$ cat input07.cif   # mmCIF, C-alpha atoms
data_start
loop_
_atom_site.label_atom_id
_atom_site.label_comp_id
_atom_site.auth_asym_id
_atom_site.auth_seq_id
_atom_site.Cartn_x
_atom_site.Cartn_y
_atom_site.Cartn_z
CA MET A 29 6.82 19.27 -43.23
CA SER A 30 4.23 21.90 -42.19
CA TRP A 31 6.08 22.85 -39.01
CA SER A 32 9.32 23.08 -41.06
CA LEU A 33 7.61 25.57 -43.35
CA SER A 34 6.43 27.47 -40.31
CA ARG A 35 10.02 27.63 -39.16
CA LEU A 36 11.06 29.14 -42.49
CA ALA A 37 8.23 31.61 -42.24
CA GLN A 38 9.44 32.64 -38.80
CA ASN A 39 12.94 33.11 -40.17
CA ALA A 40 11.53 35.22 -42.99
CA GLN A 41 9.75 37.40 -40.45
CA ASP A 42 12.92 37.76 -38.40
CA ASN A 43 14.75 38.92 -41.54
CA GLY A 44 12.21 41.67 -42.22
CA GLU A 45 10.69 40.30 -45.45
CA ASP A 46 7.34 41.47 -46.79
CA ALA A 47 4.33 40.77 -44.47
CA GLU A 48 2.44 38.88 -47.11
CA ARG A 49 5.24 36.35 -47.36
CA GLN A 50 5.16 35.83 -43.60
CA ARG A 51 1.83 33.98 -43.82
CA VAL A 52 2.50 30.30 -44.41
CA SER A 53 -0.94 29.74 -45.92
CA ALA A 54 -0.23 32.35 -48.62
CA SER A 55 3.41 31.56 -49.27
CA SER A 56 3.58 27.79 -48.81
CA LYS A 57 4.62 27.25 -52.44
CA THR A 58 7.48 29.71 -52.14
CA LEU A 59 8.52 28.30 -48.78
CA ALA A 60 8.41 24.76 -50.15
CA GLN A 61 10.70 25.80 -52.98
CA ARG A 62 13.08 27.43 -50.54
CA TRP A 63 12.95 24.35 -48.30
CA ASN A 64 13.79 22.02 -51.18
CA ALA A 65 16.66 24.27 -52.16
CA LEU A 66 18.30 24.03 -48.75
CA MET A 67 21.23 21.77 -48.01
CA GLU A 68 20.61 18.89 -45.57
CA GLU A 69 22.80 20.59 -42.98
CA GLU A 70 20.68 23.75 -43.23
CA LYS A 71 17.47 21.73 -42.86
CA ASP A 72 18.87 20.00 -39.78
CA ALA A 73 19.86 23.32 -38.26
CA LEU A 74 16.39 24.78 -38.83
CA THR A 75 14.49 21.77 -37.48
CA ALA A 76 16.78 20.52 -34.69
CA GLU A 77 15.01 22.45 -31.95
CA ARG A 78 11.52 21.33 -33.02
CA VAL A 79 12.62 17.71 -33.47
CA LYS A 80 14.03 17.66 -29.96
CA GLU A 81 10.82 19.15 -28.59
CA LEU A 82 8.66 16.57 -30.36
CA GLU A 83 10.84 13.71 -29.15
CA GLU A 84 10.62 14.93 -25.56
CA ARG A 85 6.83 15.18 -25.78
CA ARG A 86 6.57 11.69 -27.25
CA LYS A 87 8.83 10.24 -24.56
CA ASP A 88 6.86 11.97 -21.82
CA ARG A 89 3.60 10.47 -23.08
CA VAL A 90 5.09 6.97 -23.04
CA GLU A 91 7.45 7.07 -20.06
CA GLY A 92 6.45 10.13 -18.08
CA ILE A 93 6.30 9.58 -14.31
CA ARG A 94 2.86 10.17 -12.82
CA ASN A 95 3.44 11.88 -9.49
CA VAL A 96 -0.19 12.35 -8.53
CA PRO A 97 -1.65 9.13 -7.05
CA LEU A 98 -5.06 9.56 -8.68
CA SER A 99 -3.51 10.22 -12.07
CA ALA A 100 -1.28 7.17 -11.68
CA PHE A 101 -4.28 5.04 -10.67
CA GLN A 102 -6.28 6.14 -13.71
CA ASP A 103 -3.27 5.59 -15.97
CA MET A 104 -2.80 2.08 -14.58
CA CYS A 105 -6.49 1.18 -15.05
CA ILE A 106 -6.62 2.41 -18.64
CA THR A 107 -3.29 0.84 -19.61
CA PHE A 108 -4.03 -2.51 -18.02
CA THR A 109 -7.41 -2.67 -19.75
CA LYS A 110 -5.65 -2.26 -23.09
CA VAL A 111 -2.99 -4.80 -22.12
CA TYR A 112 -5.66 -7.32 -21.05
CA GLU A 113 -7.35 -6.99 -24.43
CA GLU A 114 -4.08 -7.43 -26.29
CA LEU A 115 -3.12 -10.49 -24.25
CA ALA A 116 -6.56 -12.04 -24.68
CA ASN A 117 -6.30 -11.53 -28.44
CA LEU A 118 -2.80 -13.00 -28.45
CA HIS A 119 -4.06 -16.06 -26.58
CA THR A 120 -6.93 -16.46 -29.05
CA ARG A 121 -4.66 -16.15 -32.07
CA THR A 122 -1.73 -18.27 -30.93
CA GLY A 123 -2.85 -20.34 -27.96
CA THR A 124 -0.09 -18.83 -25.83
CA GLU A 125 -0.79 -19.22 -22.10
CA ILE A 126 -0.08 -16.07 -20.11
CA LEU A 127 0.03 -14.88 -16.52
CA LEU A 128 0.34 -11.16 -15.80
CA LEU A 129 0.60 -9.77 -12.28
CA GLY A 130 0.96 -6.07 -11.49
CA VAL A 131 1.18 -4.56 -8.00
CA ARG A 132 1.77 -1.11 -6.58
CA GLY A 133 5.26 -0.14 -5.51
CA SER A 134 4.32 2.53 -2.98
CA LEU A 135 1.85 2.92 -0.12
CA THR A 136 0.64 6.17 -1.70
CA SER A 137 -0.69 4.30 -4.75
CA TYR A 138 -4.35 3.32 -4.92
CA ASN A 139 -4.37 0.26 -7.15
CA LYS A 140 -4.94 -3.25 -5.87
CA PRO A 141 -3.06 -6.19 -7.45
CA ALA A 142 -4.00 -6.53 -11.12
CA ILE A 143 -4.10 -10.13 -12.33
CA TYR A 144 -4.64 -11.61 -15.78
CA TYR A 145 -4.46 -15.29 -16.69
CA SER A 146 -5.39 -16.71 -20.07
CA ASN A 147 -6.66 -20.05 -18.82
CA ASP A 148 -7.82 -21.61 -15.56
CA ARG A 149 -4.99 -24.14 -15.90
CA ILE A 150 -2.50 -21.31 -15.50
CA ARG A 151 -4.23 -20.15 -12.32
CA ASN A 152 -4.45 -23.70 -10.96
CA PHE A 153 -0.77 -24.33 -11.73
CA PHE A 154 0.50 -21.34 -9.77
CA GLU A 155 -1.97 -21.80 -6.91
CA THR A 156 -1.00 -25.46 -6.58
CA LEU A 157 2.69 -24.61 -6.78
CA ALA A 158 2.49 -21.82 -4.20
CA GLY A 159 -0.23 -23.34 -2.04
CA SER A 160 -2.09 -20.05 -2.18
CA THR A 161 -4.51 -18.10 -4.35
CA LEU A 162 -3.25 -15.75 -7.05
CA LEU A 163 -4.71 -12.82 -5.12
CA HIS A 164 -2.78 -13.86 -2.02
CA ILE A 165 0.38 -14.23 -4.11
CA GLY A 166 -0.24 -10.72 -5.45
CA ILE A 167 -0.67 -9.33 -1.94
CA ARG A 168 2.58 -10.96 -0.82
CA MET A 169 4.35 -9.64 -3.91
CA GLU A 170 3.01 -6.18 -3.12
CA ALA A 171 4.33 -6.43 0.45
CA PHE A 172 7.74 -7.40 -0.91
CA CYS A 173 7.79 -4.53 -3.43
CA ILE A 174 6.78 -1.96 -0.80
CA GLY A 175 8.54 -3.20 2.33
CA GLY A 176 11.19 -5.58 1.03
CA ALA A 177 11.91 -9.16 2.04
CA GLU A 178 11.87 -8.42 5.77
CA LYS A 179 8.31 -7.09 5.64
CA MET A 180 7.11 -10.05 3.61
CA ILE A 181 8.78 -12.49 6.02
CA GLN A 182 7.12 -10.76 8.97
CA ASN A 183 3.73 -11.03 7.28
CA GLN A 184 4.36 -14.69 6.48
CA GLN A 185 5.35 -15.42 10.08
CA GLN A 186 2.21 -13.74 11.37
CA GLN A 187 0.08 -15.74 8.96
CA THR A 188 1.78 -18.97 10.01
CA LEU A 189 1.17 -18.26 13.70
CA LEU A 190 -2.48 -17.50 12.98
CA LEU A 191 -2.81 -20.66 10.90
CA LYS A 192 -1.31 -22.85 13.62
CA SER A 193 -3.54 -21.29 16.27
CA GLN A 194 -6.60 -21.91 14.10
CA LEU A 195 -5.56 -25.53 13.50
CA ALA A 196 -4.93 -26.23 17.20
CA GLY A 197 -8.39 -24.94 18.08
CA LEU A 198 -10.04 -26.98 15.31
CA ILE A 199 -8.26 -30.21 16.32
CA LEU A 200 -9.32 -29.86 19.94
CA SER A 201 -12.94 -29.09 19.01
CA LYS A 202 -13.07 -32.09 16.62
CA LEU A 203 -11.58 -34.34 19.30
CA GLN A 204 -14.05 -33.18 21.95
CA ALA A 205 -16.98 -33.61 19.53
CA ALA A 206 -15.93 -37.21 18.76
CA CYS A 207 -15.49 -38.22 22.42
CA ARG A 208 -18.38 -40.16 24.04
CA ARG A 209 -16.59 -41.12 27.23
CA GLY A 210 -15.72 -38.30 29.58
CA ASP A 211 -14.52 -34.78 28.81
CA ILE A 212 -11.22 -34.07 27.11
CA LYS A 213 -9.79 -30.79 28.36
CA LYS A 214 -6.69 -30.66 26.23
CA MET A 215 -4.94 -32.47 23.39
CA ASN A 216 -1.94 -34.70 24.12
CA TYR A 217 0.11 -35.35 20.98
CA ALA A 218 3.13 -37.02 22.55
CA GLN A 219 1.06 -39.59 24.52
CA PHE A 220 -2.11 -39.72 22.42
CA ASP A 221 -2.60 -43.48 22.71
CA ALA A 222 -2.33 -43.53 26.52
CA ALA A 223 -3.97 -40.21 27.31
CA ILE A 224 -6.73 -40.21 24.71
CA THR A 225 -7.39 -43.65 23.20
CA THR A 226 -6.87 -45.76 26.32
CA LYS A 227 -8.70 -43.32 28.59
CA HIS A 228 -11.48 -42.05 26.31
CA GLY A 229 -11.69 -44.59 23.47
CA VAL A 230 -10.99 -42.11 20.63
CA ILE A 231 -8.63 -42.76 17.72
CA LYS A 232 -7.32 -40.58 14.91
CA GLU A 233 -7.89 -41.48 11.25
CA ASN A 234 -6.23 -40.26 8.04
CA TRP A 235 -3.62 -38.02 9.66
CA LEU A 236 -1.93 -36.86 6.45
CA ILE A 237 1.52 -35.64 7.43
CA ASP A 238 4.37 -37.94 8.44
CA GLN A 239 4.52 -37.14 12.15
CA PHE A 240 1.72 -36.77 14.69
CA VAL A 241 2.84 -33.52 16.28
CA SER A 242 1.38 -30.34 17.66
CA PRO A 243 0.65 -27.56 15.13
CA SER A 244 3.36 -25.51 16.84
CA ASN A 245 5.92 -28.03 15.53
CA MET A 246 4.56 -28.07 11.96
CA THR A 247 5.75 -26.14 8.96
CA HIS A 248 3.39 -23.69 7.31
CA LEU A 249 2.59 -26.18 4.56
CA GLU A 250 2.03 -29.07 7.00
CA ALA A 251 -0.34 -26.93 9.05
CA LYS A 252 -2.26 -25.86 5.95
CA VAL A 253 -2.57 -29.46 4.70
CA THR A 254 -3.76 -30.67 8.09
CA LEU A 255 -6.25 -27.83 8.45
CA ARG A 256 -7.78 -28.55 5.05
CA ALA A 257 -7.92 -32.26 5.84
CA PHE A 258 -9.93 -31.67 9.03
CA GLU A 259 -12.14 -29.04 7.41
CA SER A 260 -13.03 -31.41 4.56
CA GLY A 261 -13.53 -34.43 6.84
CA THR A 262 -10.65 -36.38 5.30
CA ALA A 263 -8.86 -36.40 8.67
CA ARG A 264 -10.99 -37.03 11.72
CA PHE A 265 -11.28 -38.48 15.21
CA ARG A 266 -13.54 -41.47 15.80
CA SER A 267 -14.93 -42.90 19.01
CA LEU A 268 -14.39 -46.66 19.22
CA SER A 269 -17.27 -48.99 19.84
CA ASP A 270 -17.27 -50.77 23.18
CA GLU A 271 -16.00 -53.97 21.54
CA GLU A 272 -13.22 -52.10 19.70
CA TRP A 273 -12.24 -50.32 22.90
CA ARG A 274 -12.01 -53.62 24.83
CA ASP A 275 -9.86 -55.12 22.09
CA TRP A 276 -7.62 -52.05 22.15
#

$ encode --input "input07.cif" --output "structure tokens"
Amino acid sequence: MSWSLSRLAQNAQDNGEDAERQRVSASSKTLAQRWNALMEEEKDALTAERVKELEERRKDRVEGIRNVPLSAFQDMCITFTKVYEELANLHTRTGTEILLLGVRGSLTSYNKPAIYYSNDRIRNFFETLAGSTLLHIGIRMEAFCIGGAEKMIQNQQQQTLLLKSQLAGLILSKLQAACRRGDIKKMNYAQFDAAITTKHGVIKENWLIDQFVSPSNMTHLEAKVTLRAFESGTARFRSLSDEEWRDW
């Protein structure tokens, strides 16, 4: 009510009352009596301007747009730290599993993707579902938010081309390393048995996808599965023994 009393004091000053009564600290009792004697409509009229001002300040603190990139970055860091703590406490209290992902919506912003997950199972679920890390998902989400679907698709296409190129090089190097009979200059997927096994005595083992095709004819997921299989040693090429080669 103190600012309401101040408002009455200001009105008293405007009406030319005695100077001593203009000081709120000295006349608070009198002002309080006058305030209590006012009708509700009169109180509303006296306080409407200040109420509106306070509401605008409160709204600006909560929803105000931060136009300066550094200010926005600092705001995001501070706010997300508080949110992380609240979510961690919520998880501890209730066992609720949570994933929170925040990305910038403009190239002028400084913040990198902010990620919170309450349990490793949450992270593993989304990474298994998407076939990608949470950070990579965040980066793709950021690309979508900044550039739209077209930009994200372009990035995905570039990544797929790079993945297929990497896989093709790895397959050829693994094949050449396994060969003990002659030099293999290039891979032949369509006629592997005749061009590779019959001629060089090398077979493929544990090829995981349904069709034995060139990486250029694979989907992104098929290429990723095949690459991981060769990198881990699950899929491989093996040189036949002389007896196995004769029986072939």

$ residues_around --input "input07.cif" --residues "range 120-124 of chain A" --least-positions-apart "3" --cutoff "10 Å" --atoms "all atoms listed in the file" --output "list in words"
Glu114, Leu115, Ala116, Asn117, Ser146 and Asn147 of chain A

$ resolve_selection --input "input07.cif" --expression "the PyMOL selection byres ((chain A and resi 195) around 9)" --output "list in words"
Leu190, Leu191, Lys192, Ser193, Gln194, Ala196, Gly197, Leu198, Ile199, Leu200, Pro243, Ala251, Lys252, Thr254, Leu255 and Phe258 of chain A

$ resolve_selection --input "input07.cif" --expression "the PyMOL selection byres ((chain A and resi 135) around 10)" --output "ChimeraX atom specification"
/A:97,132-134,136-139,170-171,174-175

$ residues_around --input "input07.cif" --residues "range 203-207 of chain A" --least-positions-apart "4" --cutoff "12 Å" --atoms "only C-alpha atoms" --output "list in words"
Ala196, Gly197, Leu198, Ile199, Asp211, Ile212, Lys213, Lys214, Met215, Asn216, Tyr217, Phe220, Ile224, Thr225, Lys227, His228, Gly229, Val230, Ile231, Lys232, Glu233, Phe258, Ala263, Arg264, Phe265, Arg266, Ser267, Leu268 and Ser269 of chain A

$ atom_distance --input "input07.cif" --atom1 "CA of Glu250 in chain A" --atom2 "CA of Thr161 in chain A"
17.1 Å

$ atom_distance --input "input07.cif" --atom1 "CA of Phe154 in chain A" --atom2 "CA of Leu128 in chain A"
11.8 Å

$ atom_distance --input "input07.cif" --atom1 "CA of Tyr112 in chain A" --atom2 "CA of Leu162 in chain A"
16.5 Å

$ closest_residue --input "input07.cif" --among "A:Asp221, A:Gly159, A:Arg209, A:Leu129" --to "Val253 in chain A" --atoms "only C-alpha atoms"
A:Gly159

$ closest_residue --input "input07.cif" --among "A:Lys110, A:Lys71, A:Arg78, A:Arg208" --to "Trp273 in chain A" --atoms "only C-alpha atoms"
A:Arg208

$ closest_residue --input "input07.cif" --among "A:Phe108, A:Phe240, A:Phe172, A:Trp63" --to "Ala142 in chain A" --atoms "only C-alpha atoms"
A:Phe108

$ residues_around --input "input07.cif" --residues "Thr107 in chain A" --least-positions-apart "6" --cutoff "12 Å" --atoms "only C-alpha atoms" --output "list in words"
Val90, Ala100, Phe101, Glu113, Glu114, Gly130 and Ala142 of chain A

$ write_last_selection --input "input07.cif" --atoms "C-alpha atoms" --output "PDB file, in the coordinates of the input"
ATOM      1  CA  VAL A  90       5.090   6.970 -23.040  1.00  0.00           C
ATOM      2  CA  ALA A 100      -1.280   7.170 -11.680  1.00  0.00           C
ATOM      3  CA  PHE A 101      -4.280   5.040 -10.670  1.00  0.00           C
ATOM      4  CA  GLU A 113      -7.350  -6.990 -24.430  1.00  0.00           C
ATOM      5  CA  GLU A 114      -4.080  -7.430 -26.290  1.00  0.00           C
ATOM      6  CA  GLY A 130       0.960  -6.070 -11.490  1.00  0.00           C
ATOM      7  CA  ALA A 142      -4.000  -6.530 -11.120  1.00  0.00           C
TER       8      ALA A 142
END

$ closest_residue --input "input07.cif" --among "A:Val131, A:Leu98, A:Ala223, A:Leu189" --to "Met246 in chain A" --atoms "all atoms listed in the file"
A:Leu189
